[in-house]
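Following: one structure in structure tokens, then a few remarks.
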Amino acid sequence: MKILVVGGGGREHAIIKALKKSPMCGEIFCAPGNGGIAADATCVNIGAKDIEAIRDFAVKESIDFCVVAPDDPLVMGAVDLLKEAGIKTFGPDKKAAIIEGSKAFSKDLMKKYGIPTAAYETFTDMEEALKYVETCDIPIVVKADGLALGKGVLICETREDALKAVRTMMEDKAFGASGDKIVIEEFLTGPEVSVLSFTDGKTVVPMVSSMDHKRAHDGDKGLNTGGMGTVAPNPYYTKEVAEECMKSIFLPTIDAMNKEGRTFTGCLYFGLMITPKGPKVIEYNCRFGDPETQVVLPLLESDLLDIMLKIYDGKLDEAEVKFADKHACCVVVASDGYPEKYEKGFEITMPADKNIYVAGAKLSEDGKLLTNGGRVLGVTETGDNLKEAIEKAYETVKTVNFANAYYRKDIGKRALEAVK
Ligand code: AMP
Ligand code: GLY
């Protein structure tokens with residue numbers, strides 16, 4: 001089969017490497033891809049948000065199956081366009097992608113269907129939001145309604161910070177139109193767990209759980225990033241927690257989306273917090289996580305393409321979804337200074353025979369791989385236990401090089417402490 005993957009980061013590289021293991025996978029394209037993905041797929045110079053051009057390319061190339069990975073094209077309706085043009089596609093349609101596209105929608109959905117989440121209020125009027133902040137409990141969390149590259153969430157430790165956060169979003173428009181509506185919600189505590197799941201709108205199959213490390217620096221210090229590393233499985237996601245999540249969160253969410261006439265198919269990502277009062281939803285994403293995918297898919301023993309095709313046919317219940325009884329660790333190697341200012345254009349050297357997922361990189365005219373973004377590489381290793389996976393990942397990190405490389409030294413440390 002001729003495949004097209006939309007997107008151009010480490011997550012897409014991991015998806016491509018997994019798809020290529022399928023005997024059904026033939027030629028594989030990636031739009032736009034990147035300089036590292038080019039080693040595994042034919043990169044096409046079309047931006048992920050240019051959804052009409054993606055549809056036109058898919059039709060022209062007679063693509064048999066398309067996977068739309070990033071949030072933006074999903075929320076914009078890429079899947080609707082592709083399916084209307086007769087292209088079989090993996091991912092939710094626009095009506096279902098709103099579960100990530102609007103925090104107000106997802107919060108209202110959870111309230112209506114009794115799915116556990118932080119208590120909240122929604123505001124479109126700044127004065128009302130400011131008035132609310134004057135009386136609410138502190139700390140409090142202020143969130144922009146729409147997509148904001150993962151930056152639209154401000155945790156406010158003081159009332160002053162909260163008032164400032166409201167003004168930043170609603171007056172200064174720091175996140176553009178995403179801040180026209182805001183959600184102010186209760187601050188929850190507890191370990192965080194990411195659970196990606198496959199669903200065809202009837203069956204939901206959770207993948208192996210994982211733990212992201214969102215802050216830039218060791219000890220969970222510094223700014224929030226897209227994710228600096230991951231481990232899987234997440235030790236806080238015990239069998240009991242998993243059972244509780246299936247009963248009180250996963251199945252009710254699939255059911256709620258069906259009842260709203262917004263059947264979700266594809267990968268639904270549950271961002272959970274295991275609070276003292278049980279697991280609660282922090283956020284939904286309508287897609288695979290990045291860098292969660294870089295630890296989850298290397299543990300998948302079944303055929304990813306077959307699973308995706310079965311989802312398309314509404315027969316996920318017939319698919320084999322099996323994960324290895326092993327552990328994985330991904331260390332993100334970034335450009336020093338990320339997520340703020342950083343230099344790029346440095347030559348990357350790395351071994352060719354390892355699970356290294358390339359994100360921010362491009363090829364020079366003479367074929368050298370150069371850094372071209374904040375998160376540059378995701379280095380994944382697996383092991384029989386968590387400690388082994390972490391040690392192997394850091395060994396492999398030593399074999400990759402570029403001038404201003406920066407990575408956290410403590411990916412998996414908290415998970416290891418939890419195991420003990
Ligand atoms: P999000 O972009 O929604 O994933 O939020 C980014 C991060 O902010 C999450 O991974 C959590 O660490 C934190 N966060 C979001 N909402 C809450 C909340 N209600 N209570 C505590 N932390 C939160
Ligand atoms: N790693 C978090 C996300 O993909 O949203």
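Here, A, B, ... name the chains of the structure tokens in the order displayed, residue numbers run from 1 inside each chain, and ligands are numbered from 1 in the same displayed order.
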
Around ligand 2, at most 12 Å away and counting only C-alpha atoms and all ligand atoms, which residues are there? Put them as an NGL selection string, please. :A and (9-12 or 69-71 or 100 or 147-153 or 192-196 or 210-215 or 224-231 or 267-272 or 282-296 or 330 or 332)

Could those residues be written to a file, using C-alpha atoms, as an mmCIF file, in the first residue's frame?
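Output saved as selection08.cif:
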data_model
loop_
_atom_site.group_PDB
_atom_site.id
_atom_site.type_symbol
_atom_site.label_atom_id
_atom_site.label_comp_id
_atom_site.auth_asym_id
_atom_site.auth_seq_id
_atom_site.Cartn_x
_atom_site.Cartn_y
_atom_site.Cartn_z
ATOM 1 C CA GLY A 9 8.456 15.759 13.931
ATOM 2 C CA GLY A 10 9.809 12.939 16.063
ATOM 3 C CA ARG A 11 6.316 11.527 16.539
ATOM 4 C CA GLU A 12 5.814 11.228 12.782
ATOM 5 C CA ALA A 69 -0.685 13.063 13.057
ATOM 6 C CA PRO A 70 -0.581 16.705 14.309
ATOM 7 C CA ASP A 71 -3.375 18.571 16.081
ATOM 8 C CA GLU A 100 -8.593 18.906 21.785
ATOM 9 C CA LEU A 147 -4.701 25.404 20.475
ATOM 10 C CA ALA A 148 -1.604 27.301 21.635
ATOM 11 C CA LEU A 149 1.321 24.986 20.842
ATOM 12 C CA GLY A 150 1.024 23.521 24.343
ATOM 13 C CA LYS A 151 1.778 26.913 25.871
ATOM 14 C CA GLY A 152 -1.714 28.145 26.691
ATOM 15 C CA VAL A 153 -1.738 26.808 30.258
ATOM 16 C CA GLU A 192 0.669 12.594 35.641
ATOM 17 C CA VAL A 193 0.122 9.715 33.252
ATOM 18 C CA SER A 194 -0.299 9.794 29.475
ATOM 19 C CA VAL A 195 -2.472 7.070 27.986
ATOM 20 C CA LEU A 196 -2.769 6.960 24.210
ATOM 21 C CA SER A 210 3.812 6.604 29.566
ATOM 22 C CA MET A 211 5.258 9.524 31.521
ATOM 23 C CA ASP A 212 6.243 12.798 29.871
ATOM 24 C CA HIS A 213 8.791 15.286 31.273
ATOM 25 C CA LYS A 214 7.456 18.657 30.196
ATOM 26 C CA ARG A 215 9.799 21.090 31.944
ATOM 27 C CA ASN A 224 7.156 24.087 29.937
ATOM 28 C CA THR A 225 8.244 22.524 26.644
ATOM 29 C CA GLY A 226 6.669 20.172 24.138
ATOM 30 C CA GLY A 227 8.282 17.363 26.185
ATOM 31 C CA MET A 228 11.937 16.608 27.014
ATOM 32 C CA GLY A 229 11.667 12.861 27.388
ATOM 33 C CA THR A 230 9.396 9.951 28.218
ATOM 34 C CA VAL A 231 9.352 6.525 29.780
ATOM 35 C CA CYS A 267 -5.790 7.905 18.575
ATOM 36 C CA LEU A 268 -7.360 9.545 21.598
ATOM 37 C CA TYR A 269 -4.799 10.715 24.141
ATOM 38 C CA PHE A 270 -5.868 10.891 27.773
ATOM 39 C CA GLY A 271 -3.705 13.244 29.860
ATOM 40 C CA LEU A 272 -4.450 12.051 33.386
ATOM 41 C CA ILE A 282 -6.175 17.042 32.720
ATOM 42 C CA GLU A 283 -6.585 17.192 28.957
ATOM 43 C CA TYR A 284 -7.599 15.257 25.892
ATOM 44 C CA ASN A 285 -5.532 15.289 22.727
ATOM 45 C CA CYS A 286 -7.002 14.124 19.440
ATOM 46 C CA ARG A 287 -3.714 12.529 18.321
ATOM 47 C CA PHE A 288 -0.594 10.613 19.285
ATOM 48 C CA GLY A 289 1.543 12.447 21.880
ATOM 49 C CA ASP A 290 5.032 13.732 21.207
ATOM 50 C CA PRO A 291 7.367 12.380 22.676
ATOM 51 C CA GLU A 292 5.043 9.681 24.100
ATOM 52 C CA THR A 293 4.800 7.982 20.696
ATOM 53 C CA GLN A 294 8.584 7.585 20.690
ATOM 54 C CA VAL A 295 8.355 5.179 23.665
ATOM 55 C CA VAL A 296 4.953 3.631 23.009
ATOM 56 C CA CYS A 330 13.255 8.397 25.173
ATOM 57 C CA VAL A 332 15.051 14.362 23.788
#

Who sits within 12 Å of Phe250 of chain A, only C-alpha atoms, same chain under 6 positions skipped, as a VMD selection string: chain A and resid 110 113 115 to 116 195 to 199 201 to 206 241 to 244 256 to 257 264 268 to 272 279 to 281 284

Could you write out that same residue set with N, CA, C and O atoms as a short mmCIF file (atom, residue, chain, number, x, y, z; two decimals), in the first residue's frame?
data_model
loop_
_atom_site.label_atom_id
_atom_site.label_comp_id
_atom_site.auth_asym_id
_atom_site.auth_seq_id
_atom_site.Cartn_x
_atom_site.Cartn_y
_atom_site.Cartn_z
N MET A 110 -17.07 16.77 29.81
CA MET A 110 -16.80 15.99 31.03
C MET A 110 -17.83 16.28 32.11
O MET A 110 -18.29 15.38 32.81
N TYR A 113 -21.21 14.57 31.24
CA TYR A 113 -21.25 13.11 31.31
C TYR A 113 -20.58 12.54 32.57
O TYR A 113 -20.35 11.34 32.66
N ILE A 115 -17.56 12.79 33.83
CA ILE A 115 -16.19 12.25 33.71
C ILE A 115 -15.29 13.08 34.63
O ILE A 115 -15.29 14.31 34.54
N PRO A 116 -14.53 12.42 35.53
CA PRO A 116 -13.77 13.17 36.53
C PRO A 116 -12.71 14.10 35.95
O PRO A 116 -11.88 13.68 35.15
N VAL A 195 -2.00 8.33 28.58
CA VAL A 195 -2.47 7.07 27.99
C VAL A 195 -2.99 7.37 26.58
O VAL A 195 -3.99 8.06 26.41
N LEU A 196 -2.28 6.86 25.58
CA LEU A 196 -2.77 6.96 24.21
C LEU A 196 -3.67 5.75 24.00
O LEU A 196 -3.38 4.68 24.53
N SER A 197 -4.74 5.92 23.24
CA SER A 197 -5.60 4.78 23.00
C SER A 197 -6.00 4.72 21.54
O SER A 197 -6.09 5.75 20.87
N PHE A 198 -6.21 3.50 21.06
CA PHE A 198 -6.79 3.31 19.73
C PHE A 198 -8.30 3.23 19.92
O PHE A 198 -8.78 2.55 20.84
N THR A 199 -9.05 3.90 19.03
CA THR A 199 -10.50 3.70 19.10
C THR A 199 -11.13 3.85 17.72
O THR A 199 -10.68 4.66 16.90
N GLY A 201 -14.48 4.26 17.81
CA GLY A 201 -15.76 4.82 18.22
C GLY A 201 -16.66 3.79 18.89
O GLY A 201 -17.69 4.15 19.48
N LYS A 202 -16.26 2.51 18.82
CA LYS A 202 -17.03 1.46 19.51
C LYS A 202 -16.13 0.82 20.57
O LYS A 202 -16.49 0.71 21.73
N THR A 203 -14.96 0.39 20.11
CA THR A 203 -13.99 -0.26 20.99
C THR A 203 -12.92 0.75 21.34
O THR A 203 -12.55 1.57 20.49
N VAL A 204 -12.41 0.70 22.58
CA VAL A 204 -11.26 1.53 22.92
C VAL A 204 -10.17 0.62 23.50
O VAL A 204 -10.43 -0.18 24.39
N VAL A 205 -8.98 0.70 22.91
CA VAL A 205 -7.86 -0.13 23.35
C VAL A 205 -6.71 0.77 23.81
O VAL A 205 -6.03 1.37 22.98
N PRO A 206 -6.51 0.88 25.12
CA PRO A 206 -5.40 1.71 25.61
C PRO A 206 -4.06 1.09 25.23
O PRO A 206 -3.90 -0.12 25.25
N VAL A 241 -5.51 1.31 38.82
CA VAL A 241 -5.77 2.62 38.21
C VAL A 241 -6.28 2.43 36.78
O VAL A 241 -7.22 3.10 36.35
N ALA A 242 -5.67 1.49 36.06
CA ALA A 242 -6.08 1.24 34.67
C ALA A 242 -7.55 0.81 34.60
O ALA A 242 -8.31 1.27 33.75
N GLU A 243 -7.94 -0.06 35.53
CA GLU A 243 -9.33 -0.53 35.55
C GLU A 243 -10.29 0.63 35.84
O GLU A 243 -11.34 0.77 35.21
N GLU A 244 -9.90 1.45 36.82
CA GLU A 244 -10.71 2.61 37.18
C GLU A 244 -10.84 3.57 35.99
O GLU A 244 -11.93 4.09 35.72
N ALA A 256 -19.72 9.40 25.34
CA ALA A 256 -20.16 10.80 25.33
C ALA A 256 -20.01 11.40 23.94
O ALA A 256 -20.91 12.09 23.44
N MET A 257 -18.88 11.12 23.28
CA MET A 257 -18.66 11.67 21.94
C MET A 257 -19.69 11.10 20.96
O MET A 257 -20.20 11.83 20.10
N PHE A 264 -15.56 9.62 17.77
CA PHE A 264 -14.11 9.80 17.65
C PHE A 264 -13.48 8.52 17.13
O PHE A 264 -13.67 7.44 17.71
N LEU A 268 -6.92 8.58 20.59
CA LEU A 268 -7.36 9.55 21.60
C LEU A 268 -6.39 9.47 22.77
O LEU A 268 -6.14 8.39 23.31
N TYR A 269 -5.84 10.61 23.11
CA TYR A 269 -4.80 10.72 24.14
C TYR A 269 -5.44 11.23 25.41
O TYR A 269 -6.03 12.32 25.40
N PHE A 270 -5.34 10.47 26.48
CA PHE A 270 -5.87 10.89 27.77
C PHE A 270 -4.69 11.39 28.62
O PHE A 270 -3.80 10.60 28.95
N GLY A 271 -4.70 12.68 28.94
CA GLY A 271 -3.70 13.24 29.86
C GLY A 271 -4.32 13.21 31.25
O GLY A 271 -5.29 13.91 31.53
N LEU A 272 -3.79 12.33 32.11
CA LEU A 272 -4.45 12.05 33.39
C LEU A 272 -3.60 12.52 34.56
O LEU A 272 -2.37 12.57 34.47
N PRO A 279 -8.16 8.98 39.59
CA PRO A 279 -7.68 9.56 38.32
C PRO A 279 -8.65 10.60 37.75
O PRO A 279 -9.88 10.40 37.78
N LYS A 280 -8.09 11.72 37.29
CA LYS A 280 -8.90 12.76 36.65
C LYS A 280 -8.26 13.17 35.33
O LYS A 280 -7.04 13.06 35.17
N VAL A 281 -9.08 13.68 34.43
CA VAL A 281 -8.57 14.10 33.12
C VAL A 281 -8.03 15.52 33.22
O VAL A 281 -8.74 16.44 33.65
N TYR A 284 -7.52 16.23 26.98
CA TYR A 284 -7.60 15.26 25.89
C TYR A 284 -6.79 15.79 24.72
O TYR A 284 -6.83 16.99 24.45
#

From a DSSP pass on the backbone, collect the residues of segment 221-383 of chain A flagged as helix (DSSP H, G or I) and hand them back as an MDAnalysis selection string. chainID A and resid 239:259 293:299 304:312 316:318

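Distance annotation: of A:Gly278, A:Gly190, A:Gly36, A:Pro235, the residue with the minimal separation from ligand 1 is A:Gly190; atom set is only C-alpha atoms and all ligand atoms.
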
Just list as a ChimeraX atom specification whatever in segment 93-141 of chain A DSSP marks as strand (DSSP E or B). /A:117,120-123,140-141

Save the residues we just selected, N, CA and C atoms, as an mmCIF file, in the first residue's frame?
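Result saved to selection15.cif:
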data_model
loop_
_atom_site.group_PDB
_atom_site.id
_atom_site.type_symbol
_atom_site.label_atom_id
_atom_site.label_comp_id
_atom_site.auth_asym_id
_atom_site.auth_seq_id
_atom_site.Cartn_x
_atom_site.Cartn_y
_atom_site.Cartn_z
ATOM 1 N N THR A 117 -12.765 15.366 36.340
ATOM 2 C CA THR A 117 -11.800 16.375 35.898
ATOM 3 C C THR A 117 -11.794 17.501 36.931
ATOM 4 N N TYR A 120 -14.164 23.832 37.248
ATOM 5 C CA TYR A 120 -13.756 24.938 36.370
ATOM 6 C C TYR A 120 -14.881 25.920 36.106
ATOM 7 N N GLU A 121 -14.512 27.082 35.592
ATOM 8 C CA GLU A 121 -15.471 28.059 35.055
ATOM 9 C C GLU A 121 -14.926 28.534 33.710
ATOM 10 N N THR A 122 -15.829 28.863 32.793
ATOM 11 C CA THR A 122 -15.427 29.367 31.463
ATOM 12 C C THR A 122 -15.791 30.845 31.351
ATOM 13 N N PHE A 123 -14.926 31.625 30.727
ATOM 14 C CA PHE A 123 -15.191 33.069 30.592
ATOM 15 C C PHE A 123 -14.909 33.567 29.186
ATOM 16 N N ILE A 140 -4.303 28.324 41.171
ATOM 17 C CA ILE A 140 -5.364 28.140 40.186
ATOM 18 C C ILE A 140 -4.708 28.035 38.807
ATOM 19 N N VAL A 141 -5.434 27.420 37.869
ATOM 20 C CA VAL A 141 -4.863 27.197 36.534
ATOM 21 C C VAL A 141 -5.696 27.963 35.506
#

Residues near Asp384 of chain A, anyone? I mean within 8 Å using only C-alpha atoms, not counting same-chain ones fewer than 3 positions away, as a PDB file with C-alpha atoms, in the first residue's frame.
ATOM      1  CA  ASP A 325       6.462  -6.780  28.363  1.00  0.00           C
ATOM      2  CA  LYS A 326       9.425  -4.400  28.341  1.00  0.00           C
ATOM      3  CA  HIS A 327      10.325  -0.803  29.178  1.00  0.00           C
ATOM      4  CA  GLU A 388      18.169  -0.737  31.909  1.00  0.00           C
ATOM      5  CA  ALA A 389      16.107   1.243  29.379  1.00  0.00           C
TER       6      ALA A 389
END

Closest of A:Glu61, A:Glu318, A:Asp145, A:Asp366 to Asp180 of chain A - atom-to-atom distances counting only C-alpha atoms: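 Counting only C-alpha atoms, the residue closest to Asp180 of chain A is A:Asp145.
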
Pick out the residues sitting within 8 Å of segment 73-86 of chain A, and hand them over as a ChimeraX atom specification; count only C-alpha atoms, and ignore anything fewer than 3 positions along from it in its own chain. /A:48-52,55,58-59,68-70,89-94,97-98,100-101,286

Output all heavy atoms for every residue in the selection just made, as a short mmCIF file (atom, residue, chain, number, x, y, z; two decimals), in the first residue's frame.
data_model
loop_
_atom_site.label_atom_id
_atom_site.label_comp_id
_atom_site.auth_asym_id
_atom_site.auth_seq_id
_atom_site.Cartn_x
_atom_site.Cartn_y
_atom_site.Cartn_z
N ALA A 48 1.97 20.88 7.04
CA ALA A 48 0.90 20.06 7.63
C ALA A 48 -0.43 20.80 7.70
O ALA A 48 -1.49 20.18 7.72
CB ALA A 48 1.33 19.59 9.03
N LYS A 49 -0.37 22.14 7.72
CA LYS A 49 -1.61 22.91 7.81
C LYS A 49 -2.21 23.23 6.44
O LYS A 49 -3.30 23.77 6.36
CB LYS A 49 -1.37 24.20 8.59
CG LYS A 49 -1.18 23.97 10.08
CD LYS A 49 -1.41 25.23 10.87
CE LYS A 49 -0.10 25.86 11.27
NZ LYS A 49 -0.30 27.02 12.17
N ASP A 50 -1.47 22.90 5.39
CA ASP A 50 -1.94 23.19 4.03
C ASP A 50 -2.81 22.02 3.57
O ASP A 50 -2.46 21.24 2.68
CB ASP A 50 -0.72 23.38 3.13
CG ASP A 50 -1.06 24.14 1.86
OD1 ASP A 50 -2.27 24.35 1.61
OD2 ASP A 50 -0.12 24.51 1.13
N ILE A 51 -4.00 21.91 4.20
CA ILE A 51 -4.75 20.66 4.07
C ILE A 51 -5.34 20.43 2.67
O ILE A 51 -5.49 19.30 2.25
CB ILE A 51 -5.82 20.51 5.18
CG1 ILE A 51 -6.85 21.63 5.15
CG2 ILE A 51 -5.15 20.45 6.55
CD1 ILE A 51 -7.94 21.47 6.21
N GLU A 52 -5.63 21.51 1.95
CA GLU A 52 -6.12 21.31 0.58
C GLU A 52 -5.01 20.72 -0.30
O GLU A 52 -5.24 19.80 -1.09
CB GLU A 52 -6.62 22.62 -0.05
CG GLU A 52 -8.04 22.99 0.34
CD GLU A 52 -8.07 23.91 1.54
OE1 GLU A 52 -6.98 24.39 1.93
OE2 GLU A 52 -9.15 24.11 2.11
N ARG A 55 -4.58 17.08 0.45
CA ARG A 55 -5.62 16.30 -0.23
C ARG A 55 -5.30 16.13 -1.71
O ARG A 55 -5.35 15.03 -2.26
CB ARG A 55 -6.99 16.98 -0.04
CG ARG A 55 -8.16 16.21 -0.59
CD ARG A 55 -8.99 16.93 -1.68
NE ARG A 55 -8.58 18.27 -2.03
CZ ARG A 55 -9.35 19.34 -1.86
NH1 ARG A 55 -10.55 19.23 -1.32
NH2 ARG A 55 -8.92 20.53 -2.26
N ALA A 58 -2.53 13.66 -2.20
CA ALA A 58 -2.98 12.29 -1.93
C ALA A 58 -3.77 11.73 -3.12
O ALA A 58 -3.62 10.57 -3.49
CB ALA A 58 -3.81 12.25 -0.66
N VAL A 59 -4.60 12.58 -3.71
CA VAL A 59 -5.40 12.15 -4.86
C VAL A 59 -4.49 11.89 -6.05
O VAL A 59 -4.56 10.84 -6.70
CB VAL A 59 -6.48 13.21 -5.19
CG1 VAL A 59 -7.17 12.89 -6.51
CG2 VAL A 59 -7.50 13.28 -4.05
N VAL A 68 -3.00 11.29 9.57
CA VAL A 68 -2.81 12.70 9.93
C VAL A 68 -2.42 12.74 11.40
O VAL A 68 -3.21 12.38 12.27
CB VAL A 68 -4.09 13.52 9.67
CG1 VAL A 68 -3.85 14.99 10.02
CG2 VAL A 68 -4.54 13.37 8.22
N ALA A 69 -1.19 13.17 11.69
CA ALA A 69 -0.68 13.06 13.06
C ALA A 69 -0.83 14.33 13.91
O ALA A 69 -1.17 14.22 15.08
CB ALA A 69 0.77 12.59 13.04
N PRO A 70 -0.56 15.53 13.42
CA PRO A 70 -0.58 16.71 14.31
C PRO A 70 -1.98 17.26 14.59
O PRO A 70 -2.92 17.03 13.82
CB PRO A 70 0.24 17.76 13.54
CG PRO A 70 0.83 17.06 12.36
CD PRO A 70 -0.05 15.90 12.07
N THR A 89 -8.32 7.29 5.63
CA THR A 89 -7.48 8.11 6.51
C THR A 89 -7.64 7.72 7.97
O THR A 89 -8.74 7.38 8.41
CB THR A 89 -7.85 9.60 6.32
OG1 THR A 89 -7.73 9.93 4.94
CG2 THR A 89 -6.94 10.51 7.13
N PHE A 90 -6.53 7.80 8.70
CA PHE A 90 -6.53 7.57 10.14
C PHE A 90 -6.53 8.92 10.84
O PHE A 90 -5.67 9.76 10.59
CB PHE A 90 -5.28 6.79 10.55
CG PHE A 90 -5.16 6.56 12.04
CD1 PHE A 90 -5.79 5.49 12.66
CD2 PHE A 90 -4.41 7.43 12.83
CE1 PHE A 90 -5.68 5.27 14.02
CE2 PHE A 90 -4.29 7.22 14.21
CZ PHE A 90 -4.93 6.14 14.80
N GLY A 91 -7.48 9.10 11.77
CA GLY A 91 -7.55 10.33 12.56
C GLY A 91 -8.99 10.75 12.69
O GLY A 91 -9.85 10.34 11.90
N PRO A 92 -9.31 11.56 13.69
CA PRO A 92 -10.68 12.02 13.89
C PRO A 92 -11.06 13.11 12.87
O PRO A 92 -10.19 13.84 12.39
CB PRO A 92 -10.63 12.64 15.30
CG PRO A 92 -9.21 13.11 15.45
CD PRO A 92 -8.38 12.11 14.71
N ASP A 93 -12.35 13.18 12.56
CA ASP A 93 -12.81 14.28 11.71
C ASP A 93 -12.88 15.56 12.56
O ASP A 93 -12.65 15.54 13.76
CB ASP A 93 -14.14 13.95 11.02
CG ASP A 93 -15.28 13.72 12.02
OD1 ASP A 93 -15.12 14.04 13.22
OD2 ASP A 93 -16.34 13.22 11.60
N LYS A 94 -13.20 16.66 11.87
CA LYS A 94 -13.18 17.97 12.53
C LYS A 94 -14.13 18.03 13.74
O LYS A 94 -13.79 18.57 14.79
CB LYS A 94 -13.61 19.02 11.49
CG LYS A 94 -13.50 20.44 11.94
CD LYS A 94 -13.81 21.38 10.78
CE LYS A 94 -13.71 22.82 11.26
NZ LYS A 94 -13.84 23.77 10.16
N ALA A 97 -12.36 16.19 16.53
CA ALA A 97 -11.07 16.76 16.95
C ALA A 97 -11.25 17.94 17.89
O ALA A 97 -10.31 18.35 18.58
CB ALA A 97 -10.25 17.18 15.72
N ILE A 98 -12.46 18.47 17.96
CA ILE A 98 -12.75 19.59 18.88
C ILE A 98 -12.46 19.19 20.33
O ILE A 98 -12.26 20.05 21.19
CB ILE A 98 -14.21 20.07 18.71
CG1 ILE A 98 -14.40 21.41 19.42
CG2 ILE A 98 -15.19 19.02 19.21
CD1 ILE A 98 -15.77 22.03 19.21
N GLU A 100 -9.85 18.21 21.46
CA GLU A 100 -8.59 18.91 21.79
C GLU A 100 -8.66 20.38 21.39
O GLU A 100 -8.07 21.23 22.06
CB GLU A 100 -7.39 18.24 21.08
CG GLU A 100 -6.11 19.05 21.27
CD GLU A 100 -4.84 18.37 20.79
OE1 GLU A 100 -4.91 17.26 20.22
OE2 GLU A 100 -3.75 18.95 21.01
N GLY A 101 -9.38 20.67 20.33
CA GLY A 101 -9.39 22.02 19.75
C GLY A 101 -10.02 23.06 20.64
O GLY A 101 -9.71 24.25 20.52
N CYS A 286 -6.30 14.90 20.48
CA CYS A 286 -7.00 14.12 19.44
C CYS A 286 -6.01 13.36 18.56
O CYS A 286 -6.31 13.05 17.42
CB CYS A 286 -7.85 15.05 18.59
SG CYS A 286 -6.92 16.28 17.65
#

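A straight line drawn from atom CA of Ala129 of chain A to atom CA of Ser178 of chain A is 15.5 Å long.
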
Spatial neighbours of Ser22 of chain A, 12 Å, only C-alpha atoms, chain gap at least 6 places, as number ranges by chain: A: 1, 3, 15-16, 28, 300-309

Using only N, CA and C atoms, please write the residues we just selected to a file, as a PDB file, in the first residue's frame.
ATOM      1  N   MET A   1       0.845  -1.205   0.000  1.00  0.00           N
ATOM      2  CA  MET A   1       0.000   0.000   0.000  1.00  0.00           C
ATOM      3  C   MET A   1       0.874   1.246   0.000  1.00  0.00           C
ATOM      4  N   ILE A   3       1.464   4.878   1.306  1.00  0.00           N
ATOM      5  CA  ILE A   3       1.068   5.553   2.552  1.00  0.00           C
ATOM      6  C   ILE A   3       1.531   7.002   2.547  1.00  0.00           C
ATOM      7  N   ILE A  15       6.058   7.004  13.966  1.00  0.00           N
ATOM      8  CA  ILE A  15       4.909   6.379  13.295  1.00  0.00           C
ATOM      9  C   ILE A  15       5.377   5.731  11.984  1.00  0.00           C
ATOM     10  N   ILE A  16       6.204   6.444  11.243  1.00  0.00           N
ATOM     11  CA  ILE A  16       6.699   5.927   9.956  1.00  0.00           C
ATOM     12  C   ILE A  16       7.519   4.653  10.168  1.00  0.00           C
ATOM     13  N   ILE A  28       6.251   5.059   1.067  1.00  0.00           N
ATOM     14  CA  ILE A  28       5.723   5.895   2.146  1.00  0.00           C
ATOM     15  C   ILE A  28       6.207   7.334   1.985  1.00  0.00           C
ATOM     16  N   LEU A 300       5.270  -1.667  20.684  1.00  0.00           N
ATOM     17  CA  LEU A 300       4.143  -2.329  20.016  1.00  0.00           C
ATOM     18  C   LEU A 300       4.654  -3.521  19.195  1.00  0.00           C
ATOM     19  N   GLU A 301       4.149  -4.696  19.512  1.00  0.00           N
ATOM     20  CA  GLU A 301       4.569  -5.899  18.778  1.00  0.00           C
ATOM     21  C   GLU A 301       3.656  -6.196  17.595  1.00  0.00           C
ATOM     22  N   SER A 302       2.444  -5.646  17.631  1.00  0.00           N
ATOM     23  CA  SER A 302       1.481  -5.918  16.555  1.00  0.00           C
ATOM     24  C   SER A 302       1.727  -4.975  15.378  1.00  0.00           C
ATOM     25  N   ASP A 303       0.986  -5.227  14.302  1.00  0.00           N
ATOM     26  CA  ASP A 303       1.148  -4.478  13.052  1.00  0.00           C
ATOM     27  C   ASP A 303       0.333  -3.173  13.130  1.00  0.00           C
ATOM     28  N   LEU A 304       1.046  -2.035  13.219  1.00  0.00           N
ATOM     29  CA  LEU A 304       0.364  -0.737  13.367  1.00  0.00           C
ATOM     30  C   LEU A 304      -0.555  -0.440  12.175  1.00  0.00           C
ATOM     31  N   LEU A 305      -0.087  -0.761  10.981  1.00  0.00           N
ATOM     32  CA  LEU A 305      -0.900  -0.468   9.794  1.00  0.00           C
ATOM     33  C   LEU A 305      -2.190  -1.293   9.823  1.00  0.00           C
ATOM     34  N   ASP A 306      -2.073  -2.543  10.247  1.00  0.00           N
ATOM     35  CA  ASP A 306      -3.269  -3.385  10.338  1.00  0.00           C
ATOM     36  C   ASP A 306      -4.256  -2.803  11.362  1.00  0.00           C
ATOM     37  N   ILE A 307      -3.745  -2.337  12.491  1.00  0.00           N
ATOM     38  CA  ILE A 307      -4.623  -1.745  13.515  1.00  0.00           C
ATOM     39  C   ILE A 307      -5.334  -0.519  12.931  1.00  0.00           C
ATOM     40  N   MET A 308      -4.571   0.321  12.236  1.00  0.00           N
ATOM     41  CA  MET A 308      -5.155   1.552  11.684  1.00  0.00           C
ATOM     42  C   MET A 308      -6.207   1.235  10.615  1.00  0.00           C
ATOM     43  N   LEU A 309      -5.923   0.221   9.801  1.00  0.00           N
ATOM     44  CA  LEU A 309      -6.902  -0.159   8.765  1.00  0.00           C
ATOM     45  C   LEU A 309      -8.167  -0.720   9.408  1.00  0.00           C
TER      46      LEU A 309
END

Using only C-alpha atoms, can you tell me which of A:Ile54, A:Ala14, A:Ile63, A:Val321 comes closest to Gly26 of chain A?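 Among the listed residues, A:Ile63 lies closest to Gly26 of chain A.
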
Test item: residues at most 12 Å from Met126 of chain A, only C-alpha atoms, excluding those fewer than 5 positions along its chain, as a ChimeraX atom specification: /A:131-133,163-173,179-184

Of A:Gly360, A:Gly266, A:Pro191, A:Pro298, the one sitting nearest Arg414 of chain A when using only C-alpha atoms is A:Pro191

Which value, in Å to one decimal, gives the distance between atom CA of Pro32 of chain A and atom CA of Ala359 of chain A? 11.5 Å
